[in-house]
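Printed here is run-v3.tsv (TSV, C-alpha atoms):
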```tsv
chain	number	residue	atom	x	y	z
A	1	MET	CA	2.04	-22.38	-12.88
A	2	LYS	CA	-0.13	-24.68	-10.77
A	3	ARG	CA	-0.88	-23.90	-7.15
A	4	LEU	CA	1.07	-26.80	-5.60
A	5	PRO	CA	4.51	-26.04	-7.13
A	6	LEU	CA	3.88	-22.35	-6.46
A	7	ALA	CA	3.14	-23.13	-2.80
A	8	PHE	CA	6.49	-24.98	-2.60
A	9	LEU	CA	8.28	-22.00	-4.16
A	10	ILE	CA	6.62	-19.66	-1.66
A	11	LEU	CA	7.61	-21.93	1.24
A	12	ALA	CA	11.17	-22.17	-0.09
A	13	PHE	CA	11.40	-18.36	-0.30
A	14	SER	CA	10.05	-18.07	3.26
A	15	GLY	CA	12.73	-20.53	4.36
A	16	PHE	CA	15.40	-18.47	2.60
A	17	LEU	CA	14.19	-15.32	4.36
A	18	ALA	CA	14.11	-17.05	7.75
A	19	TRP	CA	17.61	-18.50	7.30
A	20	SER	CA	19.45	-15.72	5.45
A	21	VAL	CA	17.62	-12.50	6.37
A	22	ALA	CA	15.48	-12.56	9.53
A	23	LEU	CA	12.66	-14.65	10.98
A	24	ARG	CA	10.59	-11.47	11.24
A	25	GLN	CA	10.89	-10.90	7.50
A	26	ALA	CA	9.77	-14.47	6.78
A	27	LEU	CA	6.72	-13.91	8.97
A	28	LEU	CA	5.96	-10.59	7.28
A	29	PHE	CA	6.27	-12.26	3.87
A	30	LEU	CA	3.58	-14.74	4.97
A	31	VAL	CA	1.41	-11.84	6.18
A	32	GLY	CA	1.90	-10.29	2.72
A	33	ILE	CA	0.87	-13.59	1.08
A	34	GLY	CA	-2.31	-13.48	3.16
A	35	LEU	CA	-2.99	-9.87	2.20
A	36	GLY	CA	-2.49	-10.64	-1.49
A	37	ALA	CA	-4.65	-13.76	-1.35
A	38	VAL	CA	-7.50	-11.92	0.42
A	39	LEU	CA	-7.30	-8.84	-1.83
A	40	ALA	CA	-7.31	-10.97	-4.98
A	41	GLY	CA	-9.63	-13.71	-3.72
A	42	ALA	CA	-12.30	-11.29	-2.49
A	43	ARG	CA	-11.54	-8.79	-5.30
A	44	PHE	CA	-11.32	-6.24	-2.49
A	45	GLY	CA	-10.73	-3.17	-4.66
A	46	PHE	CA	-10.70	0.19	-2.90
A	47	THR	CA	-10.87	1.92	-6.31
A	48	THR	CA	-13.76	-0.21	-7.54
A	49	GLY	CA	-15.69	0.30	-4.30
A	50	TRP	CA	-15.51	4.07	-4.67
A	51	ARG	CA	-16.34	3.93	-8.38
A	52	ARG	CA	-19.38	1.71	-7.81
A	53	LEU	CA	-20.61	4.16	-5.19
A	54	ILE	CA	-20.14	7.14	-7.52
A	55	GLU	CA	-21.52	5.58	-10.70
A	56	GLN	CA	-24.06	3.02	-9.50
A	57	ARG	CA	-24.84	4.21	-5.99
A	58	ASP	CA	-23.69	0.78	-4.77
A	59	PRO	CA	-22.46	1.28	-1.18
A	60	SER	CA	-21.32	-2.31	-0.47
A	61	GLY	CA	-17.64	-1.77	-1.31
A	62	VAL	CA	-17.29	1.45	0.69
A	63	LEU	CA	-19.20	0.00	3.66
A	64	ALA	CA	-16.84	-3.01	3.70
A	65	GLN	CA	-13.90	-0.57	3.71
A	66	LEU	CA	-15.43	1.24	6.71
A	67	VAL	CA	-15.77	-2.10	8.54
A	68	LEU	CA	-12.10	-2.80	7.80
A	69	LEU	CA	-11.09	0.60	9.22
A	70	ALA	CA	-13.25	0.19	12.33
A	71	LEU	CA	-11.96	-3.31	13.12
A	72	ALA	CA	-8.32	-2.38	12.52
A	73	ALA	CA	-8.70	0.76	14.68
A	74	ALA	CA	-10.43	-1.16	17.50
A	75	VAL	CA	-7.34	-3.36	17.93
A	76	SER	CA	-4.54	-1.05	16.79
A	77	MET	CA	-5.34	1.97	18.97
A	78	PRO	CA	-5.27	0.14	22.34
A	79	LEU	CA	-2.06	-1.60	21.22
A	80	LEU	CA	-0.43	1.72	20.30
A	81	ALA	CA	-1.38	3.14	23.70
A	82	ALA	CA	-0.12	0.07	25.56
A	83	TYR	CA	3.20	-0.19	23.68
A	84	PRO	CA	4.19	3.39	22.80
A	85	THR	CA	7.87	2.55	22.38
A	86	ASP	CA	7.48	-0.67	20.41
A	87	LEU	CA	4.81	0.43	17.95
A	88	GLY	CA	4.51	3.49	15.72
A	89	ALA	CA	1.42	5.00	14.10
A	90	ALA	CA	1.22	6.04	10.41
A	91	LEU	CA	1.57	9.73	11.16
A	92	GLY	CA	1.79	12.08	8.18
A	93	PRO	CA	1.74	15.88	8.34
A	94	PRO	CA	-1.40	17.80	7.32
A	95	SER	CA	0.06	19.86	4.47
A	96	VAL	CA	-0.41	21.41	1.05
A	97	SER	CA	1.44	18.39	-0.28
A	98	LEU	CA	-1.11	16.03	1.30
A	99	ILE	CA	-4.08	17.92	-0.16
A	100	VAL	CA	-2.65	18.05	-3.70
A	101	GLY	CA	-1.27	14.51	-3.55
A	102	ALA	CA	-4.46	12.86	-2.28
A	103	PHE	CA	-6.58	14.65	-4.91
A	104	VAL	CA	-4.31	13.61	-7.79
A	105	PHE	CA	-4.03	10.08	-6.40
A	106	GLY	CA	-7.82	9.75	-6.16
A	107	ALA	CA	-8.19	10.82	-9.81
A	108	CYS	CA	-5.38	8.61	-11.13
A	109	MET	CA	-6.45	5.49	-9.25
A	110	GLN	CA	-9.73	5.54	-11.16
A	111	VAL	CA	-8.00	5.98	-14.51
A	112	ALA	CA	-5.38	3.31	-13.79
A	113	ASP	CA	-8.04	1.06	-12.18
A	114	GLY	CA	-5.93	0.38	-9.14
A	115	CYS	CA	-4.66	2.13	-6.04
A	116	GLY	CA	-1.53	1.00	-4.16
A	117	SER	CA	-2.84	-2.40	-3.09
A	118	GLY	CA	-4.98	-2.72	-6.24
A	119	THR	CA	-2.03	-2.25	-8.57
A	120	LEU	CA	-0.06	-4.87	-6.64
A	121	TYR	CA	-2.70	-7.57	-6.50
A	122	LYS	CA	-3.88	-7.00	-10.07
A	123	ALA	CA	-0.27	-7.20	-11.28
A	124	GLY	CA	-0.03	-10.47	-9.34
A	125	LEU	CA	-3.21	-11.68	-11.05
A	126	GLY	CA	-1.55	-10.99	-14.41
A	127	ILE	CA	-3.65	-8.03	-15.59
A	128	PRO	CA	-1.51	-6.39	-18.32
A	129	LEU	CA	-2.15	-2.69	-17.52
A	130	ASN	CA	-1.35	-3.14	-13.83
A	131	MET	CA	1.80	-5.15	-14.59
A	132	ALA	CA	2.96	-2.35	-16.89
A	133	ILE	CA	2.01	0.33	-14.36
A	134	LEU	CA	3.96	-1.17	-11.45
A	135	PRO	CA	7.45	-0.03	-12.58
A	136	LEU	CA	6.07	3.43	-13.44
A	137	PHE	CA	4.37	3.59	-10.04
A	138	ALA	CA	7.79	2.86	-8.51
A	139	ILE	CA	9.50	5.57	-10.58
A	140	GLY	CA	6.78	8.08	-9.64
A	141	SER	CA	7.09	7.13	-5.99
A	142	PHE	CA	10.83	7.67	-6.11
A	143	LEU	CA	10.46	11.07	-7.83
A	144	GLY	CA	7.84	12.07	-5.26
A	145	SER	CA	10.09	11.16	-2.34
A	146	ALA	CA	13.05	12.94	-3.94
A	147	THR	CA	11.08	16.20	-4.28
A	148	LEU	CA	9.09	15.93	-1.05
A	149	ASP	CA	11.11	18.60	0.77
A	150	ARG	CA	10.08	21.21	-1.83
A	151	TRP	CA	6.42	20.31	-1.42
A	152	LEU	CA	6.69	20.44	2.36
A	153	ALA	CA	8.18	23.93	2.08
A	154	LEU	CA	4.80	25.09	0.69
A	155	GLY	CA	3.26	24.60	4.12
A	156	ALA	CA	2.89	21.79	6.62
A	157	LEU	CA	1.76	21.26	10.19
A	158	PRO	CA	3.32	18.69	12.51
A	159	PRO	CA	1.71	15.22	12.31
A	160	TYR	CA	-1.23	14.88	14.69
A	161	GLY	CA	-1.90	11.54	16.36
A	162	LEU	CA	-5.27	11.03	18.12
A	163	VAL	CA	-3.93	8.24	20.36
A	164	THR	CA	-1.04	10.39	21.60
A	165	HIS	CA	-3.25	13.42	22.24
A	166	PHE	CA	-6.42	11.85	23.63
A	167	GLY	CA	-5.50	8.31	24.66
A	168	ALA	CA	-6.85	5.13	23.07
A	169	PRO	CA	-10.49	5.19	24.31
A	170	VAL	CA	-11.26	8.74	23.13
A	171	ALA	CA	-9.24	8.28	19.91
A	172	LEU	CA	-11.18	5.11	19.13
A	173	LEU	CA	-14.51	6.73	19.98
A	174	LEU	CA	-13.73	9.69	17.70
A	175	THR	CA	-12.62	7.37	14.91
A	176	LEU	CA	-15.68	5.11	15.17
A	177	ALA	CA	-17.95	8.16	15.28
A	178	GLY	CA	-16.26	9.54	12.15
A	179	LEU	CA	-16.60	6.21	10.34
A	180	PHE	CA	-20.26	5.94	11.40
A	181	LEU	CA	-20.97	9.41	10.03
A	182	VAL	CA	-19.31	8.56	6.71
A	183	GLY	CA	-21.27	5.29	6.57
A	184	PHE	CA	-24.52	7.09	7.37
A	185	GLY	CA	-23.89	9.62	4.58
A	186	VAL	CA	-23.02	6.84	2.13
A	187	VAL	CA	-26.19	4.85	2.93
A	188	ARG	CA	-28.38	7.94	2.66
A	189	TRP	CA	-26.83	8.89	-0.69
A	190	ALA	CA	-27.06	5.35	-2.10
A	191	GLY	CA	-30.73	4.98	-1.20
A	192	ARG	CA	-32.15	1.59	-2.14
A	193	SER	CA	-30.35	1.22	-5.44
A	194	ALA	CA	-28.18	-1.73	-4.32
A	195	PRO	CA	-27.77	-4.06	-1.32
A	196	LEU	CA	-25.81	-2.49	1.53
A	197	TRP	CA	-23.63	-5.49	2.29
A	198	ASN	CA	-21.68	-7.95	0.19
A	199	ARG	CA	-20.73	-11.10	2.11
A	200	LYS	CA	-17.46	-11.69	0.20
A	201	LEU	CA	-16.28	-8.10	0.71
A	202	LEU	CA	-17.22	-8.22	4.40
A	203	TRP	CA	-15.15	-11.38	4.91
A	204	GLY	CA	-12.38	-9.66	3.01
A	205	ALA	CA	-12.62	-6.66	5.35
A	206	VAL	CA	-12.42	-8.84	8.48
A	207	LEU	CA	-9.42	-10.79	7.18
A	208	LEU	CA	-7.61	-7.67	5.93
A	209	ALA	CA	-8.14	-5.98	9.31
A	210	ALA	CA	-6.65	-9.01	11.09
A	211	LEU	CA	-3.65	-9.09	8.73
A	212	ALA	CA	-3.12	-5.31	9.02
A	213	VAL	CA	-3.02	-5.65	12.82
A	214	LEU	CA	-0.60	-8.59	12.50
A	215	ASN	CA	1.62	-6.38	10.34
A	216	LEU	CA	1.64	-3.75	13.10
A	217	VAL	CA	2.30	-6.30	15.86
A	218	ILE	CA	5.18	-7.99	14.01
A	219	ALA	CA	6.84	-5.04	12.27
A	220	GLY	CA	6.11	-2.34	14.84
A	221	GLN	CA	4.79	-0.11	12.07
A	222	PRO	CA	1.51	-0.15	10.17
A	223	TRP	CA	0.94	-1.69	6.75
A	224	GLY	CA	2.33	0.42	3.92
A	225	ILE	CA	2.98	0.00	0.21
A	226	VAL	CA	4.42	2.99	-1.62
A	227	TYR	CA	7.59	3.45	0.47
A	228	GLY	CA	8.75	0.10	-0.91
A	229	PHE	CA	8.01	1.13	-4.51
A	230	GLY	CA	10.05	4.33	-4.15
A	231	LEU	CA	12.88	2.38	-2.56
A	232	TRP	CA	13.08	-0.05	-5.48
A	233	ALA	CA	13.36	2.74	-8.07
A	234	ALA	CA	15.78	4.71	-5.85
A	235	LYS	CA	18.08	1.66	-5.72
A	236	ILE	CA	18.15	1.33	-9.50
A	237	ALA	CA	18.63	5.09	-10.04
A	238	THR	CA	21.48	5.15	-7.52
A	239	ALA	CA	23.19	2.08	-9.00
A	240	ALA	CA	22.92	3.60	-12.49
A	241	HIS	CA	24.59	6.81	-11.19
A	242	LEU	CA	21.51	8.81	-12.15
A	243	PHE	CA	20.88	9.91	-8.58
A	244	ASP	CA	23.03	10.96	-5.64
A	245	PRO	CA	21.14	10.10	-2.45
A	246	SER	CA	23.63	11.99	-0.26
A	247	ALA	CA	22.56	15.24	-1.97
A	248	ASN	CA	18.85	14.62	-1.44
A	249	ALA	CA	16.93	15.68	1.65
A	250	PHE	CA	14.77	12.54	1.85
A	251	TRP	CA	17.25	9.83	0.88
A	252	SER	CA	20.16	11.27	2.89
A	253	GLU	CA	18.13	10.98	6.10
A	254	PRO	CA	19.73	8.17	8.21
A	255	VAL	CA	16.75	5.76	8.15
A	256	ASN	CA	16.29	6.08	4.40
A	257	ALA	CA	20.02	6.02	3.62
A	258	ALA	CA	20.40	2.80	5.64
A	259	THR	CA	17.37	1.23	3.94
A	260	LEU	CA	18.78	2.20	0.54
A	261	ALA	CA	22.08	0.46	1.29
A	262	GLN	CA	20.63	-2.79	2.62
A	263	SER	CA	18.74	-5.53	0.81
A	264	VAL	CA	15.06	-4.92	0.04
A	265	PHE	CA	14.43	-8.20	1.87
A	266	LEU	CA	15.15	-6.31	5.12
A	267	ASP	CA	12.63	-3.57	4.32
A	268	VAL	CA	9.25	-4.15	5.97
A	269	THR	CA	7.17	-2.55	3.20
A	270	SER	CA	9.05	-4.26	0.38
A	271	ILE	CA	8.65	-7.70	1.89
A	272	THR	CA	4.88	-7.38	2.35
A	273	ASN	CA	4.64	-5.99	-1.20
A	274	ILE	CA	6.45	-9.06	-2.54
A	275	GLY	CA	4.09	-11.19	-0.45
A	276	ILE	CA	1.01	-9.46	-1.90
A	277	LEU	CA	2.23	-10.09	-5.44
A	278	ALA	CA	2.92	-13.74	-4.64
A	279	GLY	CA	-0.41	-14.19	-2.81
A	280	ALA	CA	-2.32	-12.80	-5.79
A	281	LEU	CA	-0.29	-15.01	-8.15
A	282	TRP	CA	-1.29	-18.02	-6.05
A	283	ILE	CA	-4.96	-17.06	-6.38
A	284	ALA	CA	-4.52	-16.57	-10.15
A	285	ALA	CA	-2.86	-19.98	-10.44
A	286	GLY	CA	-6.07	-21.68	-9.38
A	287	GLN	CA	-8.21	-19.89	-11.92
A	288	SER	CA	-8.54	-19.77	-15.69
A	289	SER	CA	-6.51	-17.00	-17.40
A	290	ALA	CA	-7.83	-13.51	-16.72
A	291	ALA	CA	-9.69	-12.18	-19.74
A	292	ALA	CA	-8.67	-8.52	-19.56
A	293	LYS	CA	-10.43	-6.17	-21.95
A	294	PRO	CA	-8.17	-5.31	-24.92
A	295	MET	CA	-6.99	-1.68	-24.87
A	296	ASN	CA	-6.08	0.72	-27.68
A	297	GLY	CA	-2.91	2.83	-27.82
A	298	GLN	CA	-4.54	5.93	-26.36
A	299	GLN	CA	-5.92	3.96	-23.40
A	300	TRP	CA	-2.48	2.47	-22.76
A	301	LEU	CA	-0.86	5.91	-22.85
A	302	VAL	CA	-3.44	7.46	-20.50
A	303	GLY	CA	-3.24	4.47	-18.16
A	304	LEU	CA	0.56	4.53	-17.99
A	305	VAL	CA	0.70	8.30	-17.36
A	306	ALA	CA	-1.87	7.80	-14.59
A	307	GLY	CA	0.37	5.06	-13.15
A	308	LEU	CA	3.38	7.39	-13.01
A	309	LEU	CA	1.27	10.10	-11.36
A	310	LEU	CA	-0.12	7.55	-8.89
A	311	GLY	CA	3.39	6.94	-7.63
A	312	TYR	CA	4.35	10.61	-7.47
A	313	SER	CA	1.13	11.71	-5.76
A	314	SER	CA	1.17	8.87	-3.24
A	315	ARG	CA	4.45	10.16	-1.81
A	316	LEU	CA	3.11	13.72	-1.68
A	317	ALA	CA	0.03	12.41	0.13
A	318	PHE	CA	2.07	10.42	2.70
A	319	GLY	CA	0.63	7.16	1.55
A	320	CYS	CA	-1.91	5.59	-0.72
A	321	ASN	CA	-5.23	4.02	0.25
A	322	ILE	CA	-3.25	1.70	2.54
A	323	GLY	CA	-0.52	3.85	4.11
A	324	ALA	CA	-2.66	6.98	4.48
A	325	MET	CA	-6.25	5.72	4.63
A	326	VAL	CA	-6.23	2.24	6.23
A	327	SER	CA	-3.11	2.67	8.35
A	328	GLY	CA	-3.51	6.42	8.93
A	329	ILE	CA	-7.10	6.27	10.14
A	330	SER	CA	-6.78	2.99	12.05
A	331	THR	CA	-3.76	4.28	13.99
A	332	GLY	CA	-5.33	7.68	14.68
A	333	SER	CA	-3.52	9.96	12.24
A	334	VAL	CA	-5.42	13.09	11.27
A	335	HIS	CA	-3.74	13.04	7.86
A	336	GLY	CA	-5.81	9.96	6.98
A	337	TRP	CA	-9.00	11.95	7.55
A	338	ILE	CA	-7.77	14.67	5.19
A	339	TRP	CA	-6.63	12.11	2.61
A	340	VAL	CA	-10.07	10.47	2.21
A	341	PRO	CA	-12.21	13.48	1.15
A	342	MET	CA	-9.46	14.82	-1.11
A	343	ALA	CA	-8.97	11.45	-2.81
A	344	PHE	CA	-12.74	11.07	-3.16
A	345	LEU	CA	-12.96	14.48	-4.85
A	346	GLY	CA	-10.17	13.36	-7.17
A	347	SER	CA	-12.08	10.14	-7.87
A	348	LEU	CA	-15.10	12.16	-9.00
A	349	ILE	CA	-12.85	13.63	-11.72
A	350	GLY	CA	-11.12	10.28	-12.34
A	351	VAL	CA	-14.32	8.37	-13.16
A	352	ARG	CA	-15.15	11.02	-15.77
A	353	VAL	CA	-11.69	10.76	-17.35
A	354	ARG	CA	-12.13	6.98	-17.33
A	355	ARG	CA	-15.44	7.31	-19.14
A	356	ARG	CA	-13.97	9.85	-21.60
A	357	TYR	CA	-11.33	7.34	-22.71
A	358	ALA	CA	-13.80	4.43	-22.63
A	359	PHE	CA	-11.88	2.25	-20.18
B	1	MET	CA	1.42	-10.61	-27.15
B	2	SER	CA	-0.33	-13.11	-24.90
B	3	PHE	CA	-1.11	-12.43	-21.26
B	4	ARG	CA	0.99	-15.45	-20.35
B	5	PHE	CA	4.04	-14.01	-22.14
B	6	LEU	CA	3.58	-10.58	-20.51
B	7	SER	CA	3.20	-12.22	-17.13
B	8	ALA	CA	6.40	-14.26	-17.67
B	9	VAL	CA	8.33	-11.10	-18.64
B	10	PHE	CA	7.01	-9.32	-15.53
B	11	TRP	CA	7.99	-12.09	-13.12
B	12	ILE	CA	11.41	-12.69	-14.70
B	13	ALA	CA	12.18	-8.95	-14.52
B	14	PHE	CA	10.98	-8.77	-10.92
B	15	ALA	CA	12.94	-11.85	-9.82
B	16	GLY	CA	15.97	-10.45	-11.65
B	17	PHE	CA	15.69	-7.18	-9.74
B	18	LEU	CA	15.48	-9.02	-6.40
B	19	ALA	CA	18.49	-11.20	-7.27
B	20	TRP	CA	20.52	-8.18	-8.44
B	21	ASP	CA	19.61	-6.30	-5.25
B	22	TRP	CA	20.58	-9.24	-3.03
B	23	ALA	CA	23.96	-9.48	-4.77
B	24	HIS	CA	24.74	-5.75	-4.65
B	25	SER	CA	23.40	-4.65	-1.26
B	26	VAL	CA	25.27	-4.58	2.02
B	27	PRO	CA	25.33	-8.20	3.28
B	28	VAL	CA	22.72	-9.00	5.94
B	29	ASN	CA	24.13	-9.29	9.44
B	30	VAL	CA	22.03	-12.16	10.81
B	31	ARG	CA	23.48	-11.55	14.29
B	32	ALA	CA	21.75	-8.17	14.37
B	33	GLU	CA	18.35	-9.63	13.56
B	34	PRO	CA	15.31	-7.46	14.40
B	35	PRO	CA	12.96	-8.84	17.08
B	36	LEU	CA	10.58	-11.50	15.77
B	37	ILE	CA	7.58	-9.65	17.18
B	38	ALA	CA	7.77	-5.90	17.78
B	39	VAL	CA	5.09	-5.85	20.50
B	40	GLY	CA	6.76	-6.33	23.85
B	41	SER	CA	10.28	-6.23	22.42
B	42	GLY	CA	11.12	-2.80	23.83
B	43	VAL	CA	12.72	-1.95	20.49
B	44	ALA	CA	11.42	1.08	18.59
B	45	PRO	CA	10.42	0.53	14.95
B	46	SER	CA	13.19	1.74	12.67
B	47	GLY	CA	12.02	1.20	9.10
B	48	GLY	CA	10.77	3.73	6.59
B	49	HIS	CA	7.03	4.17	6.09
B	50	CYS	CA	4.85	5.86	3.46
B	51	ALA	CA	3.51	8.32	6.04
B	52	SER	CA	6.89	9.44	7.37
B	53	THR	CA	8.36	12.70	6.16
B	54	PHE	CA	12.06	11.97	6.67
```
I'd like the structure from this file rewritten - as structure tokens, please.
Amino acid sequence: MKRLPLAFLILAFSGFLAWSVALRQALLFLVGIGLGAVLAGARFGFTTGWRRLIEQRDPSGVLAQLVLLALAAAVSMPLLAAYPTDLGAALGPPSVSLIVGAFVFGACMQVADGCGSGTLYKAGLGIPLNMAILPLFAIGSFLGSATLDRWLALGALPPYGLVTHFGAPVALLLTLAGLFLVGFGVVRWAGRSAPLWNRKLLWGAVLLAALAVLNLVIAGQPWGIVYGFGLWAAKIATAAHLFDPSANAFWSEPVNAATLAQSVFLDVTSITNIGILAGALWIAAGQSSAAAKPMNGQQWLVGLVAGLLLGYSSRLAFGCNIGAMVSGISTGSVHGWIWVPMAFLGSLIGVRVRRRYAF
Amino acid sequence: MSFRFLSAVFWIAFAGFLAWDWAHSVPVNVRAEPPLIAVGSGVAPSGGHCASTF
């Protein structure tokens, strides 16, 4: 489809949301469009950035991600402190579940060549593996949420928010210091093997930070992805009488039970996810068809299993690279700082698996 | 199978899911619309999030 008719379709859908659902949801859909367009347009891949650092000692992708985190934190933390009732941080509990989930997620995102946002925007771009992975990601996310109580029983501490405990200035200072230390380590490790900065990725980081803050300001909660995936699969499983949400600890909780009963168009995460897909589709519409590398049966099988595990582990880890890393760290959640090293360790394994199967 | 065909299947399935969900979910009460902008609304966020436990 060409860009112009697609733009009309997108506008028509926004109008439908504004008229039949809520103005807020129409706005959030447009924020999602922006996120998808920036992710796809700048090829802002969290997975690729980590892989290029590991395999080629190219720090440009990871440094752009650190800029994104710093900018988002610099605006989000003062806002969270100023509007404690209206806005919520992405607070996940430090737990066994988080450690296991982040490690597995980090490994699988390298094999599947896409994290939460990566799978969405690459599916929107029409890349076959990511389109096939998306429904499996959703099923995995649902299974993860449905078994989360058992994982939490293995050991968990209460969520720890830096803004709540220290106030915005100290929380921001601690966060910026942490990001600087990570950046320093990355630059030292990379040496002079590649340029430090990539202009396109830096612009991507600035725009993504602005859109992530807009998401927080409009929705009252930070940008997330995998909750929506789990919700979609939970709806289908419930409708097919394969799952009884009232007998499940996670889905019987009032917020989740209400979200399950209402349209996905009212769910904040779902609507930005739909926007990301549409934004990436709009970018793809202006380009020649993506020439994805052909894959053999074994690569498909490994990729699809990794996709299912991505979904499952992202729920155990209380978010993917967006919900746990970008939103967690930028809103002062300690769980984001645990997620990153565990996912990076997993990525070290994941790039080797990727090489083993010649992806 | 061409990429274009796979892409068409993906989008038709996704649009079908959204249409099915719209038809089978509790109707939206537009009179109970959430605030347009959360900041300054005085209303606490009520949606689910990836980081939340329950």
Write down, as a compact mmCIF listing (two decimals) with C-alpha atoms, in the coordinates of the input, each residue of chain A that has any atom within 7 Å of an atom of chain B, counting only C-alpha atoms.
```
# COMPACT_ATOMS: atom_id res chain seq x y z
CA SER A 20 19.45 -15.72 5.45
CA VAL A 21 17.62 -12.50 6.37
CA ALA A 22 15.48 -12.56 9.53
CA LEU A 23 12.66 -14.65 10.98
CA ARG A 24 10.59 -11.47 11.24
CA TYR A 83 3.20 -0.19 23.68
CA THR A 85 7.87 2.55 22.38
CA ASP A 86 7.48 -0.67 20.41
CA LEU A 87 4.81 0.43 17.95
CA GLY A 88 4.51 3.49 15.72
CA ALA A 90 1.22 6.04 10.41
CA LEU A 91 1.57 9.73 11.16
CA GLY A 92 1.79 12.08 8.18
CA GLY A 126 -1.55 -10.99 -14.41
CA PRO A 128 -1.51 -6.39 -18.32
CA MET A 131 1.80 -5.15 -14.59
CA VAL A 217 2.30 -6.30 15.86
CA ILE A 218 5.18 -7.99 14.01
CA ALA A 219 6.84 -5.04 12.27
CA GLY A 220 6.11 -2.34 14.84
CA GLN A 221 4.79 -0.11 12.07
CA GLY A 224 2.33 0.42 3.92
CA ILE A 225 2.98 0.00 0.21
CA VAL A 226 4.42 2.99 -1.62
CA TYR A 227 7.59 3.45 0.47
CA PHE A 250 14.77 12.54 1.85
CA GLU A 253 18.13 10.98 6.10
CA VAL A 255 16.75 5.76 8.15
CA ASN A 256 16.29 6.08 4.40
CA ALA A 261 22.08 0.46 1.29
CA GLN A 262 20.63 -2.79 2.62
CA SER A 263 18.74 -5.53 0.81
CA ASP A 267 12.63 -3.57 4.32
CA VAL A 268 9.25 -4.15 5.97
CA ARG A 315 4.45 10.16 -1.81
CA PHE A 318 2.07 10.42 2.70
CA GLY A 319 0.63 7.16 1.55
CA GLY A 323 -0.52 3.85 4.11
CA ALA A 324 -2.66 6.98 4.48
```
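As for CA of Ala138 (chain A) and CA of Trp251 (chain A), they are spaced 15.0 Å apart.
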One-decimal distance in Å that lies between CA of Ala107 (chain A) and CA of Val351 (chain A) = 7.4 Å
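Considering the residues A:Leu66, A:Leu172, A:Phe29, A:Ala72 and counting all atoms listed in the file, Ile10 (chain A) has its shortest atom-to-atom contact with A:Phe29.
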Would you mind reading off the distance between CA of Gly106 (chain A) and CA of Pro341 (chain A), one decimal, in Å?
-> 9.3 Å
Up to 6 Å from (-20.7, 7.5, -4.3) in the file's coordinates: name the residues, counting all atoms listed in the file, as a list in words.
-> Leu53, Ile54 and Arg57 of chain A
Please produce a file of those selected residues containing C-alpha atoms, as an mmCIF file, in the frame of the given file.
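Heads up, here's the output in again15.cif:
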```cif
data_model
loop_
_atom_site.group_PDB
_atom_site.id
_atom_site.type_symbol
_atom_site.label_atom_id
_atom_site.label_comp_id
_atom_site.auth_asym_id
_atom_site.auth_seq_id
_atom_site.Cartn_x
_atom_site.Cartn_y
_atom_site.Cartn_z
ATOM 1 C CA LEU A 53 -20.610 4.160 -5.190
ATOM 2 C CA ILE A 54 -20.140 7.140 -7.520
ATOM 3 C CA ARG A 57 -24.840 4.210 -5.990
#
```
Skip region 233-243 of chain A itself and residues of its chain fewer than 3 positions away, then list as a ChimeraX atom specification all residues within 6 Å of it, counting all atoms listed in the file.
-> /A:138-139,142,230
For region 209-212 of chain A: contacts at 12 Å, only C-alpha atoms, fewer than 4 positions along chain excluded, given as a ChimeraX atom specification = /A:27-39,64-76,202-205,216-225,272,276,322-323,326-328,330-331
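Minimum distance to Val305 (chain A) across A:Gly336, A:Pro135, A:Gly49, A:Pro169 (counting all atoms listed in the file) occurs at A:Pro135.
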Emit a file covering region 10-26 of chain B of the preceding structure with C-alpha atoms, as a PDB file, in the first residue's frame.
```
ATOM      1  CA  PHE B  10      -0.641 -11.018   8.976  1.00  0.00           C
ATOM      2  CA  TRP B  11      -2.599  -7.774   8.611  1.00  0.00           C
ATOM      3  CA  ILE B  12      -5.895  -9.501   7.751  1.00  0.00           C
ATOM      4  CA  ALA B  13      -5.542 -11.774  10.808  1.00  0.00           C
ATOM      5  CA  PHE B  14      -4.654  -8.818  13.035  1.00  0.00           C
ATOM      6  CA  ALA B  15      -7.523  -6.647  11.767  1.00  0.00           C
ATOM      7  CA  GLY B  16      -9.839  -9.641  12.178  1.00  0.00           C
ATOM      8  CA  PHE B  17      -8.761 -10.048  15.800  1.00  0.00           C
ATOM      9  CA  LEU B  18      -9.392  -6.348  16.517  1.00  0.00           C
ATOM     10  CA  ALA B  19     -12.830  -6.485  14.859  1.00  0.00           C
ATOM     11  CA  TRP B  20     -13.765  -9.682  16.732  1.00  0.00           C
ATOM     12  CA  ASP B  21     -12.614  -8.123  20.015  1.00  0.00           C
ATOM     13  CA  TRP B  22     -14.601  -4.923  19.397  1.00  0.00           C
ATOM     14  CA  ALA B  23     -17.732  -6.973  18.703  1.00  0.00           C
ATOM     15  CA  HIS B  24     -17.384  -9.284  21.713  1.00  0.00           C
ATOM     16  CA  SER B  25     -16.073  -6.999  24.468  1.00  0.00           C
ATOM     17  CA  VAL B  26     -18.110  -5.005  26.942  1.00  0.00           C
TER      18      VAL B  26
END
```
